[in-house]
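The structure appears right after this line, and notes come after that.
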Amino acid sequence: MTGGPRLAHGSRDLSPRENARETHVSKFDKSKLPSRHVSVGPERAPHRSYYYAMGLTEEEIGRPFVGIASAGNDSAPCNTTLDAQADVARMGVNEAGGMPRRFNTITVTDGIAMGHQGMKSSLISREVIADSVELSMRGHCYDALIGFAGCDKSLPGMMMAMLRLNVPSIFVYGGSILPGHFEDKDVTVVDVFEAVGGFSAGTCPLSRLTALEKVACPGHGACGGQFTANTMACVGEAIGLSLPNSNMAPAPYASRAEIAIAAGRQIMTLIERNIRPRDICTREAFENAARIVAATGGSTNAALHLPAMANEVGIDFDLFDVAEIFKTTPYIADLKPGGKYVAKDMHDAGGVYMLMKTMFDAGLLHGDCMTVTGKTLAENIDEITWNPDQKVIYPVSNPLSPTGGVVGLKGSLAPDGAIVKVAGMARLQFSGPAQVFDCEEDCFAAVEARKIEKGSVVVIRYEGPKGGPGMREMLSTTAALYGQGLGEHVALITDGRFSGATRGFCIGHVGPEAADGGPIALVQDGDMIHIDAGKGTIDLDVPEAVLAERKANWQRRGTDYNSGVIWRFAQNVGPARLGAVTHPGAKAETHVYADI
């Protein structure tokens, strides 16, 4: 199959054009669809000539056009099967009477961008992905969208485009990687990041680090733990944009081809019934999604992406709304990095809908939300039978902990909020003197030089959406601390982000960010900081008069990014609390693309 590796484990070799010549009796009225602008009427003869040039027949040009967006590329294993899956989806579209039109968008893969200036591109890529999908759909007047994504920012970026365009849409995750195996245990890329810290501490020989890096990622697929990609894949199902139990199947599984074909068929049903993303992603659906993040001990990045997605619909759903839901959600899925298992294990246990089964039965989910099946969430869940023999998902009646794996914080150090993942943490309170760094590189150098003191609160600032610019993740630094044995003995706070793979007392999204003169910009070495994740507080123990004097002497910092896309992002981006978005969203709309 062209466009990427073949889908493994016995999948059929399916041609993208297979069944394309079948004759369909159309049940779709193109006079009400966007594609009429490029395919209907004598004045569109020049447009149709392009489709004839690509081998389409008159009958095929008369069908609804379905955009199939793939974030596939050779950047990382997260993305290498996406093009193949997207091509397979053409079959389902063809069979159900549509005309598939595949196109690609970018990704920036965090595992490779991590720990250097390349990470400034990561969050910005979310906006570029959403924008590029929007532009391709608008420019070619496609009637529906199936989006394939595999790496952290491509998942929310693809779903943001769906909500922005509001044409019938289905989100498909490319699937996770299978776990690596090393020294008689399953491993992920996080073990490699932490081994780097062990190497710098002298506890991990170079030979062991080299052996580990060669087996940690054994093939295609996104990082296997409940990091950002798998967290947002769970969100896709919980919010109703993905087919039930479609997203936890690992990338190499043959079932991924079946899922792609099913998405192709189902998109035509959504066109026929005119079921659109904004019919699906209501306020209640966003609440369902936030609950799934907390219940799985998911990535703190979800608290950035859910508000950004809500912005596309015009729904008020910021960090504090997310945190309020986290507060009342039990942690019930024993997934890495806080727990034992990876996405493959969750798939084997019954998937996201098995998790939602026990949550719905406990009254924690809104069951009347519409989904891409054309049924409500409750109707979908009704088809699931609880499996008492699986070990990954605990019943709500017997949770790993009574409150969610992710917690929101607020206080004098973070008036606009902050976020911390507490899944697997032994302690929820921390107080200590600040060790302050104005960028991640300076902090990482201090970690490597063993200059981080036990009991300290490490502060990394000027890494927020504007100040970075780009709001970098700090996995290299946090993993190195863990590898040195300091993971349980220091806290780390930043106006930047943490990877979904981060573990330990690590607090991100501190707002207002330092670039806006927030309190984090005023912290000095030795200042006492008090954190209580149980109460949801984060406070700077410095008298107000002293802070006022520091604020009066504070000067705005420049960056080295004074042109190009990173500069443009910094000019337009809003606060992390609201999703770090770059446009006003649905509230400012005077029309929606789907209704052109």
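Starting from 1 in every chain, residues are counted up; chains themselves are A, B, ... following the order of the structure tokens, and ligands are numbered from 1 as listed.
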| query | Which residues come within 6 Å of region 297-300 of chain A, counting only C-alpha atoms, excluding same-chain residues fewer than 5 positions away, as number ranges by chain? | reply | A: 226-228, 231, 405, 423, 500
Any chance you could export the current selection's N, CA and C atoms as a short mmCIF file (atom, residue, chain, number, x, y, z; two decimals), in the first residue's frame?
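Result went into selection-v5.cif, see below:
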data_model
loop_
_atom_site.label_atom_id
_atom_site.label_comp_id
_atom_site.auth_asym_id
_atom_site.auth_seq_id
_atom_site.Cartn_x
_atom_site.Cartn_y
_atom_site.Cartn_z
N GLN A 226 -0.50 6.68 29.43
CA GLN A 226 -1.58 7.68 29.39
C GLN A 226 -0.97 9.06 29.37
N PHE A 227 -0.23 9.27 28.28
CA PHE A 227 0.40 10.56 28.05
C PHE A 227 -0.58 11.40 27.21
N THR A 228 -0.12 12.46 26.58
CA THR A 228 -1.07 13.37 25.93
C THR A 228 -1.81 12.72 24.78
N THR A 231 -4.37 10.31 26.10
CA THR A 231 -5.38 11.08 26.84
C THR A 231 -6.37 11.71 25.87
N GLY A 405 -7.03 11.98 38.93
CA GLY A 405 -5.59 11.90 38.78
C GLY A 405 -4.97 13.21 38.39
N ALA A 423 -1.82 11.52 39.98
CA ALA A 423 -1.93 10.07 39.86
C ALA A 423 -0.61 9.42 40.23
N GLY A 500 2.59 14.67 29.09
CA GLY A 500 1.71 13.70 29.74
C GLY A 500 2.48 12.58 30.38
#
Distance query Ser431 (chain A) at most 8 Å, only C-alpha atoms, self and fewer than 6 positions along chain excluded, as number ranges by chain: A: 455-457, 528-531
Export of prior selection with N, CA, C and O atoms as an mmCIF file, in the first residue's frame:
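Now in result-v2.cif:
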data_model
loop_
_atom_site.group_PDB
_atom_site.id
_atom_site.type_symbol
_atom_site.label_atom_id
_atom_site.label_comp_id
_atom_site.auth_asym_id
_atom_site.auth_seq_id
_atom_site.Cartn_x
_atom_site.Cartn_y
_atom_site.Cartn_z
ATOM 1 N N GLY A 455 14.319 19.169 48.599
ATOM 2 C CA GLY A 455 13.386 20.000 49.347
ATOM 3 C C GLY A 455 13.063 21.322 48.695
ATOM 4 O O GLY A 455 12.235 22.081 49.216
ATOM 5 N N SER A 456 13.677 21.624 47.568
ATOM 6 C CA SER A 456 13.442 22.913 46.926
ATOM 7 C C SER A 456 12.263 22.857 45.969
ATOM 8 O O SER A 456 11.824 21.785 45.538
ATOM 9 N N VAL A 457 11.743 24.036 45.653
ATOM 10 C CA VAL A 457 10.717 24.192 44.626
ATOM 11 C C VAL A 457 11.386 24.849 43.418
ATOM 12 O O VAL A 457 11.742 26.026 43.463
ATOM 13 N N MET A 528 9.775 31.219 49.937
ATOM 14 C CA MET A 528 9.047 30.001 50.294
ATOM 15 C C MET A 528 7.766 29.882 49.460
ATOM 16 O O MET A 528 7.015 30.848 49.299
ATOM 17 N N ILE A 529 7.565 28.701 48.944
ATOM 18 C CA ILE A 529 6.375 28.385 48.147
ATOM 19 C C ILE A 529 5.661 27.216 48.810
ATOM 20 O O ILE A 529 6.296 26.233 49.199
ATOM 21 N N HIS A 530 4.336 27.339 48.944
ATOM 22 C CA HIS A 530 3.529 26.301 49.587
ATOM 23 C C HIS A 530 2.498 25.760 48.592
ATOM 24 O O HIS A 530 1.741 26.532 47.989
ATOM 25 N N ILE A 531 2.485 24.446 48.419
ATOM 26 C CA ILE A 531 1.574 23.789 47.474
ATOM 27 C C ILE A 531 0.753 22.755 48.235
ATOM 28 O O ILE A 531 1.308 21.963 48.999
#
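Once Val422 (chain A) and its same-chain neighbours fewer than 5 positions away are set aside, Gly297, Gly338, Gly404, Gly405, Val406, Val407, Arg427, Leu428, Arg503, Gly504, Phe505, Cys506 and Ala533 of chain A remain within 9 Å of it when counting only C-alpha atoms.
Proximity of A:Thr81, A:Asp143, A:Asp87, A:Val108 to Phe65 (chain A), computed with only C-alpha atoms, is greatest for A:Asp143.
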Pro575 (chain A) proximity check over A:Pro330, A:Pro543, A:Gly558, A:Gly470, using only C-alpha atoms: winner is A:Gly470
Practice task
Tell me, as a PyMOL selection string, which residues lie within 10 Å of Arg36 (chain A), counting only C-alpha atoms; anything in the same chain fewer than 4 positions away does not count.
Solution key: chain A and resi 29-32+40-41+44+62-65+141-143+596
Write the residues of the preceding selection, restricted to N, CA, C and O atoms, as a PDB file, in the first residue's frame.
ATOM      1  N   ASP A  29     -28.510  15.282  -1.482  1.00  0.00           N
ATOM      2  CA  ASP A  29     -28.873  16.477  -2.244  1.00  0.00           C
ATOM      3  C   ASP A  29     -27.698  17.447  -2.223  1.00  0.00           C
ATOM      4  O   ASP A  29     -27.457  18.146  -1.243  1.00  0.00           O
ATOM      5  N   LYS A  30     -26.943  17.479  -3.320  1.00  0.00           N
ATOM      6  CA  LYS A  30     -25.743  18.315  -3.361  1.00  0.00           C
ATOM      7  C   LYS A  30     -26.059  19.803  -3.356  1.00  0.00           C
ATOM      8  O   LYS A  30     -25.174  20.621  -3.076  1.00  0.00           O
ATOM      9  N   SER A  31     -27.294  20.162  -3.656  1.00  0.00           N
ATOM     10  CA  SER A  31     -27.632  21.585  -3.676  1.00  0.00           C
ATOM     11  C   SER A  31     -27.547  22.213  -2.295  1.00  0.00           C
ATOM     12  O   SER A  31     -27.547  23.435  -2.157  1.00  0.00           O
ATOM     13  N   LYS A  32     -27.438  21.375  -1.248  1.00  0.00           N
ATOM     14  CA  LYS A  32     -27.346  21.881   0.122  1.00  0.00           C
ATOM     15  C   LYS A  32     -25.982  21.624   0.742  1.00  0.00           C
ATOM     16  O   LYS A  32     -25.790  21.864   1.935  1.00  0.00           O
ATOM     17  N   VAL A  40     -21.129  21.557  -9.336  1.00  0.00           N
ATOM     18  CA  VAL A  40     -22.501  21.566  -9.869  1.00  0.00           C
ATOM     19  C   VAL A  40     -22.710  22.804 -10.746  1.00  0.00           C
ATOM     20  O   VAL A  40     -22.362  23.930 -10.363  1.00  0.00           O
ATOM     21  N   GLY A  41     -23.296  22.593 -11.933  1.00  0.00           N
ATOM     22  CA  GLY A  41     -23.678  23.690 -12.816  1.00  0.00           C
ATOM     23  C   GLY A  41     -22.658  23.941 -13.921  1.00  0.00           C
ATOM     24  O   GLY A  41     -21.473  23.623 -13.778  1.00  0.00           O
ATOM     25  N   ARG A  44     -19.276  25.560 -13.338  1.00  0.00           N
ATOM     26  CA  ARG A  44     -18.237  24.804 -12.622  1.00  0.00           C
ATOM     27  C   ARG A  44     -17.520  23.810 -13.542  1.00  0.00           C
ATOM     28  O   ARG A  44     -16.788  22.948 -13.062  1.00  0.00           O
ATOM     29  N   GLY A  62     -20.447  13.699  -8.880  1.00  0.00           N
ATOM     30  CA  GLY A  62     -21.767  14.038  -8.364  1.00  0.00           C
ATOM     31  C   GLY A  62     -22.010  13.605  -6.933  1.00  0.00           C
ATOM     32  O   GLY A  62     -23.056  13.921  -6.356  1.00  0.00           O
ATOM     33  N   ARG A  63     -21.073  12.885  -6.341  1.00  0.00           N
ATOM     34  CA  ARG A  63     -21.243  12.439  -4.950  1.00  0.00           C
ATOM     35  C   ARG A  63     -20.787  13.530  -3.970  1.00  0.00           C
ATOM     36  O   ARG A  63     -20.035  14.437  -4.333  1.00  0.00           O
ATOM     37  N   PRO A  64     -21.167  13.419  -2.693  1.00  0.00           N
ATOM     38  CA  PRO A  64     -20.586  14.295  -1.663  1.00  0.00           C
ATOM     39  C   PRO A  64     -19.080  14.075  -1.571  1.00  0.00           C
ATOM     40  O   PRO A  64     -18.598  12.936  -1.677  1.00  0.00           O
ATOM     41  N   PHE A  65     -18.332  15.141  -1.365  1.00  0.00           N
ATOM     42  CA  PHE A  65     -16.883  15.067  -1.236  1.00  0.00           C
ATOM     43  C   PHE A  65     -16.520  14.986   0.251  1.00  0.00           C
ATOM     44  O   PHE A  65     -16.906  15.863   1.038  1.00  0.00           O
ATOM     45  N   CYS A 141     -14.045  23.046  -0.694  1.00  0.00           N
ATOM     46  CA  CYS A 141     -15.490  22.887  -0.440  1.00  0.00           C
ATOM     47  C   CYS A 141     -15.891  21.442  -0.175  1.00  0.00           C
ATOM     48  O   CYS A 141     -16.852  20.928  -0.753  1.00  0.00           O
ATOM     49  N   TYR A 142     -15.154  20.786   0.734  1.00  0.00           N
ATOM     50  CA  TYR A 142     -15.514  19.419   1.092  1.00  0.00           C
ATOM     51  C   TYR A 142     -16.709  19.416   2.048  1.00  0.00           C
ATOM     52  O   TYR A 142     -16.913  20.351   2.828  1.00  0.00           O
ATOM     53  N   ASP A 143     -17.479  18.333   1.972  1.00  0.00           N
ATOM     54  CA  ASP A 143     -18.759  18.251   2.678  1.00  0.00           C
ATOM     55  C   ASP A 143     -18.665  17.605   4.052  1.00  0.00           C
ATOM     56  O   ASP A 143     -19.600  17.720   4.854  1.00  0.00           O
ATOM     57  N   ILE A 596     -22.145  27.373   4.090  1.00  0.00           N
ATOM     58  CA  ILE A 596     -21.902  28.246   2.927  1.00  0.00           C
ATOM     59  C   ILE A 596     -22.765  27.820   1.745  1.00  0.00           C
ATOM     60  O   ILE A 596     -23.106  26.664   1.594  1.00  0.00           O
TER      61      ILE A 596
END
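Nearest to Thr107 (chain A) of all the residues A:Thr269, A:Thr188, A:Thr385, A:Ser70 is A:Ser70, based on only C-alpha atoms.
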The residue from A:Ala76, A:Met158, A:Ala254, A:Val66 with the smallest atom-to-atom distance to Asn94 (chain A), counting only C-alpha atoms, is A:Val66
From the DSSP assignment of the backbone, select every residue of region 162-363 of chain A that is strand (DSSP E or B), and format the answer as an MDAnalysis selection string. chainID A and resid 169:173 176 180:182 185:187 222 331 333 335 341
Serialized selection, all heavy atoms, as a short mmCIF file (atom, residue, chain, number, x, y, z; two decimals), in the first residue's frame:
data_model
loop_
_atom_site.label_atom_id
_atom_site.label_comp_id
_atom_site.auth_asym_id
_atom_site.auth_seq_id
_atom_site.Cartn_x
_atom_site.Cartn_y
_atom_site.Cartn_z
N SER A 169 -18.27 15.06 10.89
CA SER A 169 -16.85 14.72 11.10
C SER A 169 -16.70 13.51 12.00
O SER A 169 -17.52 13.29 12.91
CB SER A 169 -16.11 15.90 11.76
OG SER A 169 -16.18 17.07 10.98
N ILE A 170 -15.64 12.74 11.77
CA ILE A 170 -15.26 11.63 12.65
C ILE A 170 -13.76 11.72 12.88
O ILE A 170 -12.97 11.87 11.93
CB ILE A 170 -15.62 10.27 12.04
CG1 ILE A 170 -17.14 10.13 11.91
CG2 ILE A 170 -15.06 9.13 12.90
CD1 ILE A 170 -17.59 8.83 11.24
N PHE A 171 -13.36 11.62 14.14
CA PHE A 171 -11.94 11.62 14.49
C PHE A 171 -11.46 10.18 14.68
O PHE A 171 -12.10 9.39 15.39
CB PHE A 171 -11.67 12.42 15.76
CG PHE A 171 -10.25 12.31 16.21
CD1 PHE A 171 -9.25 12.98 15.53
CD2 PHE A 171 -9.90 11.47 17.26
CE1 PHE A 171 -7.92 12.84 15.91
CE2 PHE A 171 -8.59 11.32 17.65
CZ PHE A 171 -7.60 12.01 16.97
N VAL A 172 -10.32 9.86 14.06
CA VAL A 172 -9.72 8.53 14.19
C VAL A 172 -8.29 8.67 14.69
O VAL A 172 -7.48 9.37 14.08
CB VAL A 172 -9.73 7.76 12.86
CG1 VAL A 172 -9.22 6.32 13.07
CG2 VAL A 172 -11.12 7.73 12.24
N TYR A 173 -7.99 8.03 15.78
CA TYR A 173 -6.63 7.98 16.33
C TYR A 173 -5.87 6.87 15.62
O TYR A 173 -6.42 5.79 15.38
CB TYR A 173 -6.73 7.70 17.82
CG TYR A 173 -5.44 7.62 18.60
CD1 TYR A 173 -4.41 8.51 18.40
CD2 TYR A 173 -5.29 6.64 19.60
CE1 TYR A 173 -3.24 8.45 19.17
CE2 TYR A 173 -4.14 6.58 20.37
CZ TYR A 173 -3.12 7.47 20.15
OH TYR A 173 -1.97 7.40 20.91
N SER A 176 -1.71 3.40 19.46
CA SER A 176 -0.49 3.52 20.25
C SER A 176 0.52 2.45 19.85
O SER A 176 0.21 1.46 19.18
CB SER A 176 -0.81 3.38 21.74
OG SER A 176 -1.20 2.05 22.03
N GLY A 180 7.69 -1.65 24.84
CA GLY A 180 8.99 -2.29 24.72
C GLY A 180 9.22 -3.24 25.89
O GLY A 180 8.46 -3.24 26.86
N HIS A 181 10.25 -4.02 25.78
CA HIS A 181 10.54 -4.98 26.86
C HIS A 181 12.03 -4.91 27.18
O HIS A 181 12.88 -5.04 26.29
CB HIS A 181 10.16 -6.40 26.43
CG HIS A 181 9.98 -7.34 27.56
ND1 HIS A 181 8.95 -7.24 28.48
CD2 HIS A 181 10.73 -8.40 27.96
CE1 HIS A 181 9.06 -8.21 29.38
NE2 HIS A 181 10.13 -8.92 29.08
N PHE A 182 12.34 -4.69 28.45
CA PHE A 182 13.73 -4.52 28.87
C PHE A 182 13.88 -4.98 30.30
O PHE A 182 13.10 -4.60 31.17
CB PHE A 182 14.14 -3.05 28.73
CG PHE A 182 15.59 -2.76 29.03
CD1 PHE A 182 16.57 -3.17 28.15
CD2 PHE A 182 15.95 -2.07 30.17
CE1 PHE A 182 17.91 -2.90 28.41
CE2 PHE A 182 17.28 -1.79 30.44
CZ PHE A 182 18.28 -2.20 29.56
N LYS A 185 10.70 -6.36 32.03
CA LYS A 185 9.52 -5.54 32.28
C LYS A 185 9.18 -4.72 31.05
O LYS A 185 10.04 -4.49 30.18
CB LYS A 185 9.73 -4.62 33.49
CG LYS A 185 10.77 -3.54 33.28
CD LYS A 185 10.80 -2.59 34.48
CE LYS A 185 11.76 -1.42 34.22
NZ LYS A 185 11.74 -0.43 35.32
N ASP A 186 7.91 -4.31 30.96
CA ASP A 186 7.48 -3.43 29.88
C ASP A 186 8.04 -2.04 30.11
O ASP A 186 8.07 -1.54 31.24
CB ASP A 186 5.94 -3.36 29.82
CG ASP A 186 5.32 -4.64 29.27
OD1 ASP A 186 6.07 -5.45 28.69
OD2 ASP A 186 4.10 -4.81 29.43
N VAL A 187 8.46 -1.40 29.02
CA VAL A 187 9.03 -0.05 29.12
C VAL A 187 8.44 0.84 28.04
O VAL A 187 7.89 0.36 27.04
CB VAL A 187 10.57 -0.07 28.99
CG1 VAL A 187 11.21 -0.77 30.17
CG2 VAL A 187 11.00 -0.71 27.67
N ALA A 222 1.85 5.74 18.69
CA ALA A 222 2.13 6.81 19.64
C ALA A 222 2.55 6.23 20.98
O ALA A 222 2.33 5.05 21.27
CB ALA A 222 0.90 7.69 19.81
N TYR A 331 -10.20 8.44 40.44
CA TYR A 331 -9.12 7.93 39.59
C TYR A 331 -9.25 6.41 39.54
O TYR A 331 -9.06 5.73 40.55
CB TYR A 331 -7.79 8.39 40.18
CG TYR A 331 -6.54 7.78 39.61
CD1 TYR A 331 -6.38 7.59 38.24
CD2 TYR A 331 -5.48 7.41 40.45
CE1 TYR A 331 -5.22 7.04 37.73
CE2 TYR A 331 -4.32 6.87 39.95
CZ TYR A 331 -4.19 6.68 38.58
OH TYR A 331 -3.03 6.14 38.09
N ALA A 333 -8.36 4.25 36.42
CA ALA A 333 -7.64 3.49 35.39
C ALA A 333 -6.15 3.48 35.73
O ALA A 333 -5.51 4.53 35.77
CB ALA A 333 -7.88 4.10 34.01
N LEU A 335 -3.03 3.39 34.78
CA LEU A 335 -2.22 3.56 33.58
C LEU A 335 -0.94 4.34 33.87
O LEU A 335 -0.90 5.20 34.75
CB LEU A 335 -3.04 4.32 32.52
CG LEU A 335 -4.30 3.59 32.03
CD1 LEU A 335 -5.17 4.54 31.22
CD2 LEU A 335 -3.93 2.37 31.20
N TYR A 341 -0.10 0.14 33.69
CA TYR A 341 -0.45 -0.39 32.38
C TYR A 341 -0.36 0.65 31.26
O TYR A 341 -0.27 1.85 31.51
CB TYR A 341 -1.86 -0.98 32.43
CG TYR A 341 -2.00 -2.11 33.43
CD1 TYR A 341 -2.65 -1.90 34.66
CD2 TYR A 341 -1.48 -3.36 33.17
CE1 TYR A 341 -2.76 -2.92 35.59
CE2 TYR A 341 -1.59 -4.40 34.10
CZ TYR A 341 -2.24 -4.17 35.30
OH TYR A 341 -2.36 -5.19 36.21
#
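Separating CA of Gly518 (chain A) from CA of Ala445 (chain A) is a distance of 25.0 Å.
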Next item on the list: For Val352 (chain A), please output as a PyMOL selection string all residues within 9 Å (counting only C-alpha atoms; exclusion window: fewer than 4 positions along the same chain).
Entry: chain A and resi 234+237-238+244-248+292+346-347+356-357
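Considering only C-alpha atoms, the residue among A:Leu355, A:Val196, A:Leu123, A:Ile460 positioned nearest to Gln390 (chain A) is A:Leu355.
Take the candidates A:Ala303, A:Val372, A:Ile507, A:Ile124 and check each one against Val565 (chain A) using only C-alpha atoms; the shortest distance goes to A:Ile124.
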If we count only C-alpha atoms, what is near Leu486 (chain A) at a cut-off of 10 Å, once residues fewer than 3 positions away on the same chain are taken out, given as number ranges by chain? A: 197, 447, 452-455, 478-483, 489-491, 504
Only all heavy atoms, please: the residues just picked out, written as a short mmCIF file (atom, residue, chain, number, x, y, z; two decimals), in the first residue's frame.
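Wrote part.cif, looks like this:
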data_model
loop_
_atom_site.label_atom_id
_atom_site.label_comp_id
_atom_site.auth_asym_id
_atom_site.auth_seq_id
_atom_site.Cartn_x
_atom_site.Cartn_y
_atom_site.Cartn_z
N GLY A 197 18.72 10.77 33.18
CA GLY A 197 19.00 11.32 34.50
C GLY A 197 19.85 10.38 35.33
O GLY A 197 20.76 10.81 36.05
N VAL A 447 20.42 20.66 36.72
CA VAL A 447 20.13 19.27 37.05
C VAL A 447 21.33 18.39 36.73
O VAL A 447 21.78 17.58 37.55
CB VAL A 447 18.88 18.77 36.30
CG1 VAL A 447 18.69 17.27 36.53
CG2 VAL A 447 17.64 19.54 36.74
N ILE A 452 20.58 20.98 41.99
CA ILE A 452 19.21 21.07 42.52
C ILE A 452 19.20 20.52 43.94
O ILE A 452 19.61 19.37 44.17
CB ILE A 452 18.21 20.33 41.63
CG1 ILE A 452 18.24 20.88 40.20
CG2 ILE A 452 16.81 20.42 42.21
CD1 ILE A 452 17.90 22.34 40.08
N GLU A 453 18.71 21.33 44.86
CA GLU A 453 18.73 20.94 46.27
C GLU A 453 17.47 20.14 46.63
O GLU A 453 16.37 20.48 46.21
CB GLU A 453 18.79 22.19 47.15
CG GLU A 453 20.01 23.07 46.92
CD GLU A 453 21.30 22.42 47.41
OE1 GLU A 453 21.23 21.55 48.30
OE2 GLU A 453 22.37 22.78 46.87
N LYS A 454 17.65 19.10 47.43
CA LYS A 454 16.50 18.36 47.97
C LYS A 454 15.63 19.31 48.77
O LYS A 454 16.12 20.15 49.52
CB LYS A 454 16.97 17.23 48.89
CG LYS A 454 17.11 15.89 48.23
CD LYS A 454 17.36 14.80 49.28
CE LYS A 454 17.53 13.44 48.61
NZ LYS A 454 17.73 12.37 49.61
N GLY A 455 14.32 19.17 48.60
CA GLY A 455 13.39 20.00 49.35
C GLY A 455 13.06 21.32 48.70
O GLY A 455 12.24 22.08 49.22
N THR A 478 12.19 17.01 33.99
CA THR A 478 11.52 16.25 35.06
C THR A 478 11.99 14.80 35.08
O THR A 478 12.18 14.21 36.15
CB THR A 478 10.00 16.30 34.90
OG1 THR A 478 9.62 15.75 33.63
CG2 THR A 478 9.49 17.72 35.00
N ALA A 479 12.19 14.22 33.91
CA ALA A 479 12.65 12.84 33.85
C ALA A 479 14.07 12.71 34.39
O ALA A 479 14.40 11.73 35.07
CB ALA A 479 12.57 12.32 32.42
N ALA A 480 14.91 13.70 34.08
CA ALA A 480 16.28 13.67 34.60
C ALA A 480 16.29 13.76 36.12
O ALA A 480 17.08 13.08 36.78
CB ALA A 480 17.09 14.81 33.99
N LEU A 481 15.41 14.60 36.68
CA LEU A 481 15.30 14.67 38.14
C LEU A 481 14.91 13.32 38.73
O LEU A 481 15.46 12.89 39.75
CB LEU A 481 14.27 15.74 38.54
CG LEU A 481 14.71 17.20 38.40
CD1 LEU A 481 13.50 18.12 38.53
CD2 LEU A 481 15.77 17.55 39.44
N TYR A 482 13.94 12.66 38.08
CA TYR A 482 13.52 11.34 38.55
C TYR A 482 14.66 10.35 38.45
O TYR A 482 14.88 9.53 39.35
CB TYR A 482 12.30 10.86 37.76
CG TYR A 482 11.13 10.52 38.65
CD1 TYR A 482 10.14 11.46 38.91
CD2 TYR A 482 11.03 9.28 39.27
CE1 TYR A 482 9.08 11.18 39.75
CE2 TYR A 482 9.98 8.99 40.11
CZ TYR A 482 9.00 9.94 40.34
OH TYR A 482 7.96 9.65 41.19
N GLY A 483 15.39 10.41 37.33
CA GLY A 483 16.50 9.49 37.15
C GLY A 483 17.59 9.68 38.18
O GLY A 483 18.33 8.74 38.49
N HIS A 489 11.49 14.35 45.88
CA HIS A 489 12.09 15.23 46.88
C HIS A 489 12.14 16.69 46.47
O HIS A 489 12.62 17.54 47.23
CB HIS A 489 13.51 14.75 47.20
CG HIS A 489 13.56 13.34 47.71
ND1 HIS A 489 13.13 12.98 48.96
CD2 HIS A 489 13.97 12.20 47.10
CE1 HIS A 489 13.27 11.67 49.13
NE2 HIS A 489 13.78 11.18 48.00
N VAL A 490 11.65 17.02 45.29
CA VAL A 490 11.54 18.40 44.86
C VAL A 490 10.19 18.59 44.19
O VAL A 490 9.55 17.62 43.77
CB VAL A 490 12.66 18.80 43.86
CG1 VAL A 490 14.03 18.67 44.49
CG2 VAL A 490 12.57 17.99 42.58
N ALA A 491 9.75 19.83 44.13
CA ALA A 491 8.60 20.19 43.31
C ALA A 491 9.10 21.08 42.18
O ALA A 491 10.15 21.71 42.30
CB ALA A 491 7.55 20.93 44.14
N GLY A 504 5.76 12.97 39.22
CA GLY A 504 6.34 13.75 40.29
C GLY A 504 5.52 15.00 40.55
O GLY A 504 4.51 15.25 39.90
#
Considering only C-alpha atoms, return as a CSV table (one decimal) with all heavy atoms, in the first residue's frame whatever protein or nucleic-acid residues lie within 10 Å of Ser75 (chain A), sequence-local ones (same chain, fewer than 4 positions apart) excluded.
chain,number,residue,atom,x,y,z
A,79,ASN,N,3.2,8.6,13.7
A,79,ASN,CA,2.5,9.1,12.5
A,79,ASN,C,2.7,8.2,11.3
A,79,ASN,O,2.1,8.4,10.2
A,79,ASN,CB,3.1,10.5,12.1
A,79,ASN,CG,3.1,11.4,13.3
A,79,ASN,OD1,2.1,11.6,14.0
A,79,ASN,ND2,4.2,12.1,13.5
A,80,THR,N,3.5,7.1,11.4
A,80,THR,CA,3.9,6.4,10.2
A,80,THR,C,2.9,5.5,9.6
A,80,THR,O,3.0,5.1,8.4
A,80,THR,CB,5.2,5.6,10.5
A,80,THR,OG1,5.0,4.9,11.8
A,80,THR,CG2,6.4,6.5,10.6
A,106,ILE,N,0.6,18.8,8.9
A,106,ILE,CA,1.9,18.6,9.6
A,106,ILE,C,1.7,17.9,11.0
A,106,ILE,O,0.6,17.8,11.5
A,106,ILE,CB,2.6,19.9,9.8
A,106,ILE,CG1,1.9,20.8,10.8
A,106,ILE,CG2,2.8,20.6,8.5
A,106,ILE,CD1,2.8,21.9,11.5
A,107,THR,N,2.8,17.5,11.5
A,107,THR,CA,2.9,17.3,13.0
A,107,THR,C,4.2,17.7,13.5
A,107,THR,O,5.2,17.8,12.7
A,107,THR,CB,2.7,15.8,13.4
A,107,THR,OG1,3.7,15.0,12.6
A,107,THR,CG2,1.3,15.3,13.1
A,108,VAL,N,4.3,18.1,14.8
A,108,VAL,CA,5.6,18.2,15.5
A,108,VAL,C,5.5,17.2,16.6
A,108,VAL,O,4.7,17.2,17.4
A,108,VAL,CB,5.8,19.6,16.0
A,108,VAL,CG1,7.0,19.7,16.9
A,108,VAL,CG2,5.9,20.7,14.9
A,109,THR,N,6.5,16.3,16.6
A,109,THR,CA,6.5,15.2,17.5
A,109,THR,C,7.2,15.5,18.8
A,109,THR,O,8.4,15.7,18.7
A,109,THR,CB,7.0,13.9,16.8
A,109,THR,OG1,6.3,13.6,15.7
A,109,THR,CG2,7.0,12.7,17.8
A,112,ILE,N,10.6,14.0,20.0
A,112,ILE,CA,11.8,14.4,19.2
A,112,ILE,C,12.1,15.9,19.4
A,112,ILE,O,13.3,16.3,19.5
A,112,ILE,CB,11.7,14.0,17.8
A,112,ILE,CG1,11.8,12.5,17.6
A,112,ILE,CG2,12.8,14.7,16.9
A,112,ILE,CD1,11.5,12.0,16.2
